[in-house]
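Coordinates from protein-v9.txt are shown below (compact mmCIF, N, CA and C atoms).
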```
# COMPACT_ATOMS: atom_id res chain seq x y z
N MET O 148 1.12 -7.18 6.05
CA MET O 148 0.37 -7.99 5.11
C MET O 148 -0.69 -8.76 5.89
N GLU O 149 -1.97 -8.55 5.55
CA GLU O 149 -3.06 -9.30 6.16
C GLU O 149 -3.17 -10.63 5.43
N ARG O 150 -3.18 -11.70 6.21
CA ARG O 150 -3.31 -13.02 5.58
C ARG O 150 -4.27 -13.89 6.35
N GLU O 151 -5.14 -14.52 5.65
CA GLU O 151 -5.95 -15.57 6.20
C GLU O 151 -5.58 -16.79 5.39
N ASP O 152 -4.91 -17.73 6.05
CA ASP O 152 -4.48 -18.92 5.36
C ASP O 152 -3.45 -18.56 4.29
N ARG O 153 -3.85 -18.44 3.05
CA ARG O 153 -2.92 -18.16 1.96
C ARG O 153 -3.36 -16.99 1.10
N VAL O 154 -4.17 -16.09 1.65
CA VAL O 154 -4.72 -14.96 0.89
C VAL O 154 -4.22 -13.65 1.49
N GLU O 155 -3.71 -12.78 0.64
CA GLU O 155 -3.28 -11.44 1.05
C GLU O 155 -4.24 -10.42 0.47
N THR O 156 -4.74 -9.50 1.31
CA THR O 156 -5.57 -8.40 0.85
C THR O 156 -4.64 -7.32 0.31
N LEU O 157 -4.93 -6.83 -0.90
CA LEU O 157 -4.06 -5.86 -1.56
C LEU O 157 -4.55 -4.42 -1.35
N SER O 158 -3.63 -3.49 -1.33
CA SER O 158 -3.97 -2.07 -1.23
C SER O 158 -4.54 -1.60 -2.57
N GLU O 159 -5.21 -0.46 -2.55
CA GLU O 159 -5.75 0.09 -3.79
C GLU O 159 -4.62 0.39 -4.78
N ALA O 160 -3.52 0.95 -4.29
CA ALA O 160 -2.39 1.26 -5.17
C ALA O 160 -1.83 0.00 -5.82
N GLU O 161 -1.71 -1.08 -5.05
CA GLU O 161 -1.20 -2.33 -5.61
C GLU O 161 -2.19 -2.91 -6.62
N CYS O 162 -3.48 -2.79 -6.33
CA CYS O 162 -4.50 -3.27 -7.27
C CYS O 162 -4.38 -2.57 -8.61
N LEU O 163 -4.26 -1.24 -8.60
CA LEU O 163 -4.16 -0.48 -9.85
C LEU O 163 -2.86 -0.81 -10.58
N ARG O 164 -1.78 -1.04 -9.82
CA ARG O 164 -0.51 -1.42 -10.44
C ARG O 164 -0.65 -2.77 -11.13
N LEU O 165 -1.26 -3.73 -10.46
CA LEU O 165 -1.44 -5.05 -11.06
C LEU O 165 -2.33 -4.99 -12.29
N LEU O 166 -3.39 -4.17 -12.24
CA LEU O 166 -4.26 -4.04 -13.41
C LEU O 166 -3.48 -3.55 -14.63
N SER O 167 -2.48 -2.72 -14.40
CA SER O 167 -1.71 -2.18 -15.53
C SER O 167 -0.80 -3.23 -16.17
N THR O 168 -0.76 -4.44 -15.60
CA THR O 168 0.11 -5.48 -16.15
C THR O 168 -0.60 -6.46 -17.06
N VAL O 169 -1.93 -6.35 -17.18
CA VAL O 169 -2.69 -7.26 -18.05
C VAL O 169 -3.52 -6.45 -19.04
N PRO O 170 -3.73 -6.96 -20.26
CA PRO O 170 -4.43 -6.18 -21.29
C PRO O 170 -5.94 -6.39 -21.37
N VAL O 171 -6.46 -7.45 -20.72
CA VAL O 171 -7.88 -7.78 -20.87
C VAL O 171 -8.47 -8.07 -19.51
N GLY O 172 -9.68 -7.57 -19.29
CA GLY O 172 -10.44 -7.86 -18.08
C GLY O 172 -11.89 -8.06 -18.46
N ARG O 173 -12.75 -8.15 -17.45
CA ARG O 173 -14.18 -8.36 -17.69
C ARG O 173 -14.97 -7.21 -17.08
N VAL O 174 -15.85 -6.63 -17.88
CA VAL O 174 -16.73 -5.57 -17.38
C VAL O 174 -18.10 -6.17 -17.13
N VAL O 175 -18.69 -5.78 -16.00
CA VAL O 175 -20.02 -6.26 -15.62
C VAL O 175 -20.96 -5.06 -15.65
N TYR O 176 -22.02 -5.17 -16.42
CA TYR O 176 -22.96 -4.06 -16.59
C TYR O 176 -24.35 -4.64 -16.77
N THR O 177 -25.34 -3.79 -16.94
CA THR O 177 -26.71 -4.25 -17.12
C THR O 177 -27.13 -4.11 -18.57
N GLU O 178 -27.68 -5.20 -19.12
CA GLU O 178 -28.18 -5.19 -20.49
C GLU O 178 -29.56 -5.86 -20.48
N HIS O 179 -30.57 -5.14 -20.91
CA HIS O 179 -31.96 -5.64 -20.90
C HIS O 179 -32.37 -6.08 -19.49
N ALA O 180 -32.00 -5.27 -18.49
CA ALA O 180 -32.35 -5.49 -17.09
C ALA O 180 -31.71 -6.73 -16.48
N LEU O 181 -30.70 -7.30 -17.16
CA LEU O 181 -29.99 -8.46 -16.65
C LEU O 181 -28.50 -8.17 -16.57
N PRO O 182 -27.78 -8.84 -15.66
CA PRO O 182 -26.34 -8.65 -15.61
C PRO O 182 -25.68 -9.23 -16.87
N ALA O 183 -24.72 -8.51 -17.38
CA ALA O 183 -23.94 -8.96 -18.54
C ALA O 183 -22.46 -8.85 -18.20
N VAL O 184 -21.68 -9.77 -18.69
CA VAL O 184 -20.23 -9.78 -18.45
C VAL O 184 -19.56 -9.96 -19.80
N LEU O 185 -18.56 -9.11 -20.07
CA LEU O 185 -17.90 -9.15 -21.37
C LEU O 185 -16.40 -8.90 -21.21
N PRO O 186 -15.56 -9.70 -21.87
CA PRO O 186 -14.13 -9.38 -21.84
C PRO O 186 -13.88 -8.13 -22.68
N VAL O 187 -13.03 -7.24 -22.15
CA VAL O 187 -12.69 -6.01 -22.86
C VAL O 187 -11.21 -5.70 -22.71
N SER O 188 -10.66 -5.06 -23.74
CA SER O 188 -9.31 -4.52 -23.65
C SER O 188 -9.38 -3.26 -22.81
N PHE O 189 -8.33 -2.99 -22.05
CA PHE O 189 -8.33 -1.81 -21.20
C PHE O 189 -6.90 -1.38 -20.89
N GLU O 190 -6.79 -0.17 -20.38
CA GLU O 190 -5.53 0.36 -19.86
C GLU O 190 -5.84 1.18 -18.63
N VAL O 191 -4.86 1.30 -17.75
CA VAL O 191 -4.97 2.20 -16.61
C VAL O 191 -4.27 3.48 -17.01
N LEU O 192 -5.03 4.57 -17.10
CA LEU O 192 -4.49 5.88 -17.48
C LEU O 192 -4.92 6.91 -16.44
N ASP O 193 -3.96 7.56 -15.81
CA ASP O 193 -4.24 8.60 -14.82
C ASP O 193 -5.19 8.12 -13.73
N GLY O 194 -5.01 6.90 -13.27
CA GLY O 194 -5.82 6.37 -12.19
C GLY O 194 -7.20 5.91 -12.59
N ARG O 195 -7.53 6.01 -13.87
CA ARG O 195 -8.83 5.54 -14.38
C ARG O 195 -8.59 4.33 -15.25
N LEU O 196 -9.61 3.48 -15.36
CA LEU O 196 -9.56 2.37 -16.31
C LEU O 196 -10.24 2.85 -17.57
N VAL O 197 -9.56 2.73 -18.69
CA VAL O 197 -10.16 3.10 -19.97
C VAL O 197 -10.41 1.81 -20.74
N LEU O 198 -11.67 1.57 -21.05
CA LEU O 198 -12.10 0.36 -21.74
C LEU O 198 -12.31 0.67 -23.21
N ALA O 199 -11.93 -0.25 -24.07
CA ALA O 199 -12.13 -0.09 -25.51
C ALA O 199 -13.27 -1.02 -25.93
N VAL O 200 -14.33 -0.44 -26.51
CA VAL O 200 -15.48 -1.22 -26.94
C VAL O 200 -15.85 -0.84 -28.37
N ARG O 201 -16.70 -1.66 -28.98
CA ARG O 201 -17.16 -1.36 -30.34
C ARG O 201 -18.21 -0.26 -30.28
N ARG O 202 -18.03 0.75 -31.10
CA ARG O 202 -18.98 1.86 -31.20
C ARG O 202 -20.33 1.32 -31.66
N GLY O 203 -21.40 1.78 -31.03
CA GLY O 203 -22.74 1.36 -31.42
C GLY O 203 -23.17 0.01 -30.87
N SER O 204 -22.31 -0.64 -30.10
CA SER O 204 -22.65 -1.96 -29.56
C SER O 204 -23.55 -1.83 -28.34
N ALA O 205 -24.19 -2.93 -27.98
CA ALA O 205 -25.01 -2.96 -26.77
C ALA O 205 -24.14 -2.67 -25.55
N THR O 206 -22.90 -3.11 -25.59
CA THR O 206 -21.98 -2.84 -24.48
C THR O 206 -21.75 -1.35 -24.34
N ALA O 207 -21.47 -0.67 -25.44
CA ALA O 207 -21.25 0.78 -25.39
C ALA O 207 -22.46 1.49 -24.81
N ARG O 208 -23.65 1.09 -25.23
CA ARG O 208 -24.88 1.71 -24.72
C ARG O 208 -25.08 1.39 -23.24
N GLY O 209 -24.72 0.17 -22.84
CA GLY O 209 -24.93 -0.25 -21.45
C GLY O 209 -23.95 0.33 -20.47
N LEU O 210 -22.82 0.83 -20.95
CA LEU O 210 -21.79 1.36 -20.06
C LEU O 210 -21.91 2.86 -19.80
N ASP O 211 -22.30 3.63 -20.78
CA ASP O 211 -22.24 5.08 -20.67
C ASP O 211 -23.15 5.61 -19.57
N GLY O 212 -22.53 6.28 -18.58
CA GLY O 212 -23.28 6.92 -17.52
C GLY O 212 -23.82 5.98 -16.46
N THR O 213 -23.28 4.77 -16.36
CA THR O 213 -23.79 3.80 -15.40
C THR O 213 -22.70 3.38 -14.41
N VAL O 214 -23.12 2.76 -13.34
CA VAL O 214 -22.19 2.16 -12.39
C VAL O 214 -21.94 0.74 -12.85
N VAL O 215 -20.67 0.39 -12.95
CA VAL O 215 -20.29 -0.94 -13.44
C VAL O 215 -19.26 -1.56 -12.50
N ALA O 216 -19.02 -2.83 -12.71
CA ALA O 216 -17.93 -3.53 -12.04
C ALA O 216 -16.95 -3.98 -13.10
N PHE O 217 -15.69 -4.09 -12.71
CA PHE O 217 -14.64 -4.54 -13.62
C PHE O 217 -13.73 -5.47 -12.84
N GLN O 218 -13.37 -6.58 -13.46
CA GLN O 218 -12.51 -7.55 -12.79
C GLN O 218 -11.44 -8.04 -13.74
N ALA O 219 -10.23 -8.15 -13.24
CA ALA O 219 -9.13 -8.73 -14.01
C ALA O 219 -8.29 -9.56 -13.05
N ASP O 220 -7.56 -10.50 -13.60
CA ASP O 220 -6.73 -11.36 -12.76
C ASP O 220 -5.60 -11.96 -13.55
N LEU O 221 -4.70 -12.58 -12.84
CA LEU O 221 -3.64 -13.39 -13.43
C LEU O 221 -3.48 -14.57 -12.49
N LEU O 222 -3.95 -15.73 -12.92
CA LEU O 222 -3.99 -16.91 -12.07
C LEU O 222 -3.22 -18.06 -12.71
N ASP O 223 -2.57 -18.84 -11.89
CA ASP O 223 -1.86 -20.03 -12.36
C ASP O 223 -2.64 -21.25 -11.88
N PRO O 224 -3.29 -21.98 -12.81
CA PRO O 224 -4.11 -23.12 -12.39
C PRO O 224 -3.29 -24.28 -11.83
N VAL O 225 -2.02 -24.37 -12.16
CA VAL O 225 -1.19 -25.47 -11.67
C VAL O 225 -0.83 -25.24 -10.20
N THR O 226 -0.32 -24.06 -9.87
CA THR O 226 0.08 -23.77 -8.49
C THR O 226 -1.05 -23.19 -7.66
N ARG O 227 -2.17 -22.83 -8.32
CA ARG O 227 -3.32 -22.22 -7.66
C ARG O 227 -2.90 -20.93 -6.93
N THR O 228 -2.09 -20.14 -7.64
CA THR O 228 -1.61 -18.87 -7.12
C THR O 228 -1.96 -17.76 -8.10
N GLY O 229 -1.75 -16.53 -7.68
CA GLY O 229 -1.96 -15.40 -8.56
C GLY O 229 -2.68 -14.27 -7.84
N TRP O 230 -3.38 -13.45 -8.60
CA TRP O 230 -4.09 -12.31 -8.01
C TRP O 230 -5.38 -12.04 -8.78
N SER O 231 -6.28 -11.32 -8.11
CA SER O 231 -7.54 -10.92 -8.71
C SER O 231 -7.91 -9.55 -8.15
N VAL O 232 -8.38 -8.65 -9.02
CA VAL O 232 -8.76 -7.29 -8.62
C VAL O 232 -10.18 -7.01 -9.11
N LEU O 233 -10.96 -6.36 -8.25
CA LEU O 233 -12.33 -5.97 -8.57
C LEU O 233 -12.47 -4.47 -8.36
N VAL O 234 -13.04 -3.79 -9.36
CA VAL O 234 -13.23 -2.33 -9.30
C VAL O 234 -14.70 -2.03 -9.56
N HIS O 235 -15.27 -1.13 -8.77
CA HIS O 235 -16.62 -0.62 -9.01
C HIS O 235 -16.50 0.88 -9.22
N GLY O 236 -17.31 1.42 -10.13
CA GLY O 236 -17.30 2.86 -10.35
C GLY O 236 -18.21 3.25 -11.49
N ARG O 237 -18.24 4.54 -11.74
CA ARG O 237 -19.09 5.09 -12.80
C ARG O 237 -18.31 5.08 -14.12
N ALA O 238 -18.99 4.68 -15.17
CA ALA O 238 -18.38 4.63 -16.50
C ALA O 238 -19.00 5.71 -17.38
N ASP O 239 -18.15 6.43 -18.09
CA ASP O 239 -18.61 7.47 -19.02
C ASP O 239 -17.77 7.42 -20.29
N VAL O 240 -18.42 7.68 -21.41
CA VAL O 240 -17.71 7.72 -22.69
C VAL O 240 -16.68 8.84 -22.65
N VAL O 241 -15.48 8.54 -23.15
CA VAL O 241 -14.43 9.55 -23.25
C VAL O 241 -14.77 10.44 -24.44
N SER O 242 -15.03 11.72 -24.15
CA SER O 242 -15.41 12.64 -25.23
C SER O 242 -14.54 13.89 -25.27
N GLU O 243 -13.80 14.16 -24.21
CA GLU O 243 -12.93 15.33 -24.17
C GLU O 243 -11.79 15.12 -25.18
N PRO O 244 -11.59 16.04 -26.12
CA PRO O 244 -10.62 15.82 -27.21
C PRO O 244 -9.20 15.48 -26.76
N ASP O 245 -8.67 16.15 -25.75
CA ASP O 245 -7.31 15.85 -25.30
C ASP O 245 -7.21 14.43 -24.73
N GLN O 246 -8.20 14.03 -23.96
CA GLN O 246 -8.20 12.67 -23.40
C GLN O 246 -8.34 11.63 -24.51
N LEU O 247 -9.19 11.92 -25.46
CA LEU O 247 -9.40 11.00 -26.57
C LEU O 247 -8.12 10.82 -27.38
N ARG O 248 -7.41 11.91 -27.65
CA ARG O 248 -6.13 11.82 -28.38
C ARG O 248 -5.12 10.98 -27.60
N ARG O 249 -5.08 11.17 -26.29
CA ARG O 249 -4.14 10.41 -25.47
C ARG O 249 -4.44 8.91 -25.53
N VAL O 250 -5.72 8.56 -25.44
CA VAL O 250 -6.10 7.15 -25.51
C VAL O 250 -5.76 6.57 -26.87
N LEU O 251 -6.05 7.31 -27.93
CA LEU O 251 -5.73 6.83 -29.29
C LEU O 251 -4.23 6.61 -29.45
N ARG O 252 -3.42 7.51 -28.89
CA ARG O 252 -1.96 7.36 -28.97
C ARG O 252 -1.48 6.13 -28.22
N SER O 253 -2.22 5.71 -27.19
CA SER O 253 -1.80 4.57 -26.38
C SER O 253 -1.86 3.25 -27.17
N GLY O 254 -2.66 3.23 -28.24
CA GLY O 254 -2.80 2.02 -29.03
C GLY O 254 -3.90 1.09 -28.55
N LEU O 255 -4.66 1.50 -27.55
CA LEU O 255 -5.75 0.69 -27.03
C LEU O 255 -6.80 0.47 -28.10
N ARG O 256 -7.20 -0.78 -28.30
CA ARG O 256 -8.22 -1.13 -29.29
C ARG O 256 -9.15 -2.18 -28.70
N PRO O 257 -10.39 -2.27 -29.18
CA PRO O 257 -11.32 -3.27 -28.65
C PRO O 257 -10.82 -4.69 -28.87
N TRP O 258 -11.24 -5.59 -28.00
CA TRP O 258 -10.90 -7.00 -28.10
C TRP O 258 -11.37 -7.54 -29.45
N VAL O 259 -12.56 -7.12 -29.87
CA VAL O 259 -13.07 -7.41 -31.20
C VAL O 259 -12.79 -6.17 -32.03
N GLY O 260 -12.05 -6.30 -33.10
CA GLY O 260 -11.61 -5.14 -33.89
C GLY O 260 -12.73 -4.20 -34.30
N ASP O 261 -12.40 -2.92 -34.36
CA ASP O 261 -13.34 -1.89 -34.80
C ASP O 261 -12.51 -0.72 -35.30
N PRO O 262 -12.72 -0.28 -36.54
CA PRO O 262 -11.91 0.82 -37.06
C PRO O 262 -12.15 2.14 -36.33
N GLU O 263 -13.31 2.30 -35.69
CA GLU O 263 -13.61 3.51 -34.92
C GLU O 263 -14.08 3.11 -33.53
N PRO O 264 -13.16 2.72 -32.64
CA PRO O 264 -13.56 2.25 -31.32
C PRO O 264 -14.15 3.38 -30.46
N LEU O 265 -14.87 2.97 -29.45
CA LEU O 265 -15.39 3.88 -28.46
C LEU O 265 -14.64 3.60 -27.16
N PHE O 266 -14.24 4.64 -26.46
CA PHE O 266 -13.50 4.47 -25.21
C PHE O 266 -14.37 4.93 -24.06
N VAL O 267 -14.40 4.11 -23.02
CA VAL O 267 -15.19 4.40 -21.84
C VAL O 267 -14.26 4.44 -20.64
N ALA O 268 -14.32 5.53 -19.88
CA ALA O 268 -13.48 5.68 -18.70
C ALA O 268 -14.26 5.25 -17.46
N LEU O 269 -13.64 4.42 -16.66
CA LEU O 269 -14.22 3.97 -15.40
C LEU O 269 -13.41 4.60 -14.27
N VAL O 270 -14.06 5.44 -13.49
CA VAL O 270 -13.41 6.07 -12.34
C VAL O 270 -13.58 5.14 -11.14
N PRO O 271 -12.50 4.56 -10.62
CA PRO O 271 -12.61 3.63 -9.50
C PRO O 271 -13.15 4.31 -8.25
N GLU O 272 -14.21 3.74 -7.70
CA GLU O 272 -14.76 4.22 -6.43
C GLU O 272 -14.51 3.20 -5.33
N LEU O 273 -14.68 1.94 -5.63
CA LEU O 273 -14.36 0.85 -4.71
C LEU O 273 -13.38 -0.07 -5.42
N VAL O 274 -12.25 -0.32 -4.78
CA VAL O 274 -11.22 -1.18 -5.37
C VAL O 274 -10.81 -2.21 -4.32
N SER O 275 -10.83 -3.48 -4.70
CA SER O 275 -10.39 -4.53 -3.79
C SER O 275 -9.61 -5.56 -4.59
N GLY O 276 -8.71 -6.23 -3.90
CA GLY O 276 -7.92 -7.25 -4.57
C GLY O 276 -7.35 -8.25 -3.59
N ARG O 277 -7.03 -9.40 -4.12
CA ARG O 277 -6.46 -10.50 -3.33
C ARG O 277 -5.32 -11.13 -4.10
N ARG O 278 -4.29 -11.56 -3.35
CA ARG O 278 -3.21 -12.34 -3.93
C ARG O 278 -3.25 -13.70 -3.25
N LEU O 279 -3.15 -14.77 -4.04
CA LEU O 279 -3.16 -16.13 -3.51
C LEU O 279 -1.74 -16.68 -3.50
N PHE O 280 -1.36 -17.25 -2.37
CA PHE O 280 -0.03 -17.84 -2.21
C PHE O 280 -0.14 -19.36 -2.28
N PRO O 281 0.97 -20.04 -2.54
CA PRO O 281 0.92 -21.51 -2.61
C PRO O 281 0.64 -22.12 -1.24
N THR O 282 0.12 -23.33 -1.24
CA THR O 282 -0.11 -24.06 0.00
C THR O 282 1.11 -24.88 0.34
N GLY O 283 1.14 -25.40 1.55
CA GLY O 283 2.23 -26.29 1.94
C GLY O 283 3.41 -25.53 2.50
N PRO O 284 4.55 -26.22 2.62
CA PRO O 284 5.75 -25.62 3.20
C PRO O 284 6.17 -24.35 2.45
N GLY O 285 6.59 -23.36 3.19
CA GLY O 285 7.07 -22.13 2.58
C GLY O 285 5.97 -21.16 2.21
N THR O 286 4.78 -21.32 2.78
CA THR O 286 3.68 -20.43 2.40
C THR O 286 3.90 -19.01 2.87
N ALA O 287 4.86 -18.79 3.73
CA ALA O 287 5.11 -17.42 4.19
C ALA O 287 5.81 -16.59 3.11
N ARG O 288 6.33 -17.27 2.09
CA ARG O 288 7.02 -16.55 1.02
C ARG O 288 6.07 -16.37 -0.15
N PRO O 289 6.02 -15.15 -0.74
CA PRO O 289 5.15 -14.91 -1.89
C PRO O 289 5.61 -15.69 -3.11
N VAL O 290 4.65 -16.08 -3.94
CA VAL O 290 4.96 -16.75 -5.20
C VAL O 290 5.47 -15.71 -6.20
N ASN O 291 6.38 -16.08 -7.05
CA ASN O 291 6.87 -15.17 -8.09
C ASN O 291 5.91 -15.23 -9.26
N THR O 292 5.06 -14.20 -9.38
CA THR O 292 4.11 -14.14 -10.49
C THR O 292 4.69 -13.36 -11.66
N GLY O 293 5.96 -12.97 -11.54
CA GLY O 293 6.56 -12.17 -12.61
C GLY O 293 6.43 -10.68 -12.35
N PHE O 294 5.78 -10.33 -11.26
CA PHE O 294 5.59 -8.92 -10.91
C PHE O 294 6.12 -8.70 -9.52
N PRO O 295 6.95 -7.68 -9.29
CA PRO O 295 7.47 -7.43 -7.96
C PRO O 295 6.32 -7.10 -7.00
N ILE O 296 6.34 -7.70 -5.86
CA ILE O 296 5.30 -7.45 -4.86
C ILE O 296 5.61 -6.14 -4.15
N GLY O 297 4.60 -5.31 -4.01
CA GLY O 297 4.72 -4.06 -3.28
C GLY O 297 5.40 -2.95 -4.02
N SER O 298 5.71 -3.13 -5.30
CA SER O 298 6.35 -2.03 -6.02
C SER O 298 5.37 -1.33 -6.90
```
Encoding of this model in structure tokens:
Amino acid sequence: MEREDRVETLSEAECLRLLSTVPVGRVVYTEHALPAVLPVSFEVLDGRLVLAVRRGSATARGLDGTVVAFQADLLDPVTRTGWSVLVHGRADVVSEPDQLRRVLRSGLRPWVGDPEPLFVALVPELVSGRRLFPTGPGTARPVNTGFPIGS
């Protein structure tokens, strides 16, 4: 475990595992030549992040065929502990019928309801993550965030 002070650098596998434990993250993309950030519902399916967005939205148009960033975390403001994961990769609309059926079966829906959601798959190219441990005595022991460390 690499640690500087109270920060652990996470492996790609651990980052993807942690992402699968939260339902909402933030996607960063370009809209009108400016950076845009939007909370989105997502799932990790077959090593890809599948984002649920409203069909016809500026977000849907801004994501398809572009390189985007995605970030999710689980932080405790009282203990100042938790984790954060950042993913960069290419996003493409899910159009293959078998993949689309699988995503629909998963129950994934946009954060803002839409009877006909659009799903965008993000293939991770760069994945990084950090886990924050408590300060003070006992910092060598990981905080219990409700998720087994390293599994």
Those in stretch 243-276 of chain O with strand (DSSP E) from DSSP, as number ranges by chain: O: 265-276
Residue list as a VMD selection string for point (-10.0, 0.8, -26.4), cut-off 7 Å, all atoms listed in the file: chain O and resid 188 to 190 197 to 200 254 to 258 264 to 267
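Checking O:Glu159, O:Asp211, O:Glu243, O:Asp220 one by one against O:Ser275, counting all atoms listed in the file, you find the shortest gap at O:Glu159.
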Nearby residues, (-13.3, -7.9, -11.6) file frame, 8 Å, all atoms listed in the file, as number ranges by chain: O: 172-175, 216-220, 231-235
Given all atoms listed in the file as the counted atoms, nearest of O:Leu269, O:Arg208, O:Ser167, O:Arg153 to O:Ala238: O:Leu269
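Between atom N of O:Pro170 and atom CA of O:Asp152 the separation is 28.3 Å.
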Interatomic distance (Å, one decimal) between atom C of O:Leu181 and atom N of O:Gly212: 15.8 Å
Pick from O:Leu279, O:Val274, O:Val259, O:Leu163, whichever lies nearest to O:Gly229 using only C-alpha atoms: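 Smallest distance to O:Gly229 is found for O:Leu279.
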From O:Thr228, O:Thr213, O:Thr156, O:Thr177, residue lying nearest O:Pro281 [only C-alpha atoms]: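 Closest to O:Pro281, using only C-alpha atoms: O:Thr228.
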Shell around O:Gly209 at 12 Å using only C-alpha atoms, local window under 5 positions removed, as a list in words: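 Non-adjacent residues within range: Val174, Val175, Tyr176, Thr177, Glu178, His179, Ala180, Leu181, Pro182, Ala183, Val184, Leu185, Val200, Arg201, Arg202, Gly203, Ser204, Val214, Val215, Arg237, Ala238, Asp239, Val240 and Val267 of chain O.
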Å distance separating atom CA of O:Arg277 from atom C of O:Val169, one decimal place: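 For atom CA of O:Arg277 relative to atom C of O:Val169, the distance reads 16.5 Å.
With all atoms listed in the file as the basis for measurement, O:Thr226 is the residue among O:Ser253, O:Thr206, O:Thr226, O:Leu157 that approaches O:Thr282 most closely.
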Helix (DSSP H, G or I) per DSSP on the backbone: members of chain O, as a list in words: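 Matching residues, listed in order: Glu159, Ala160, Glu161, Cys162, Leu163, Arg164, Leu165, Leu166, Ala205, Thr206, Ala207, Arg208, Gly209, Leu210, Pro244, Asp245, Gln246, Leu247, Arg248, Arg249, Val250, Leu251, Arg252 and Ser253 of chain O.
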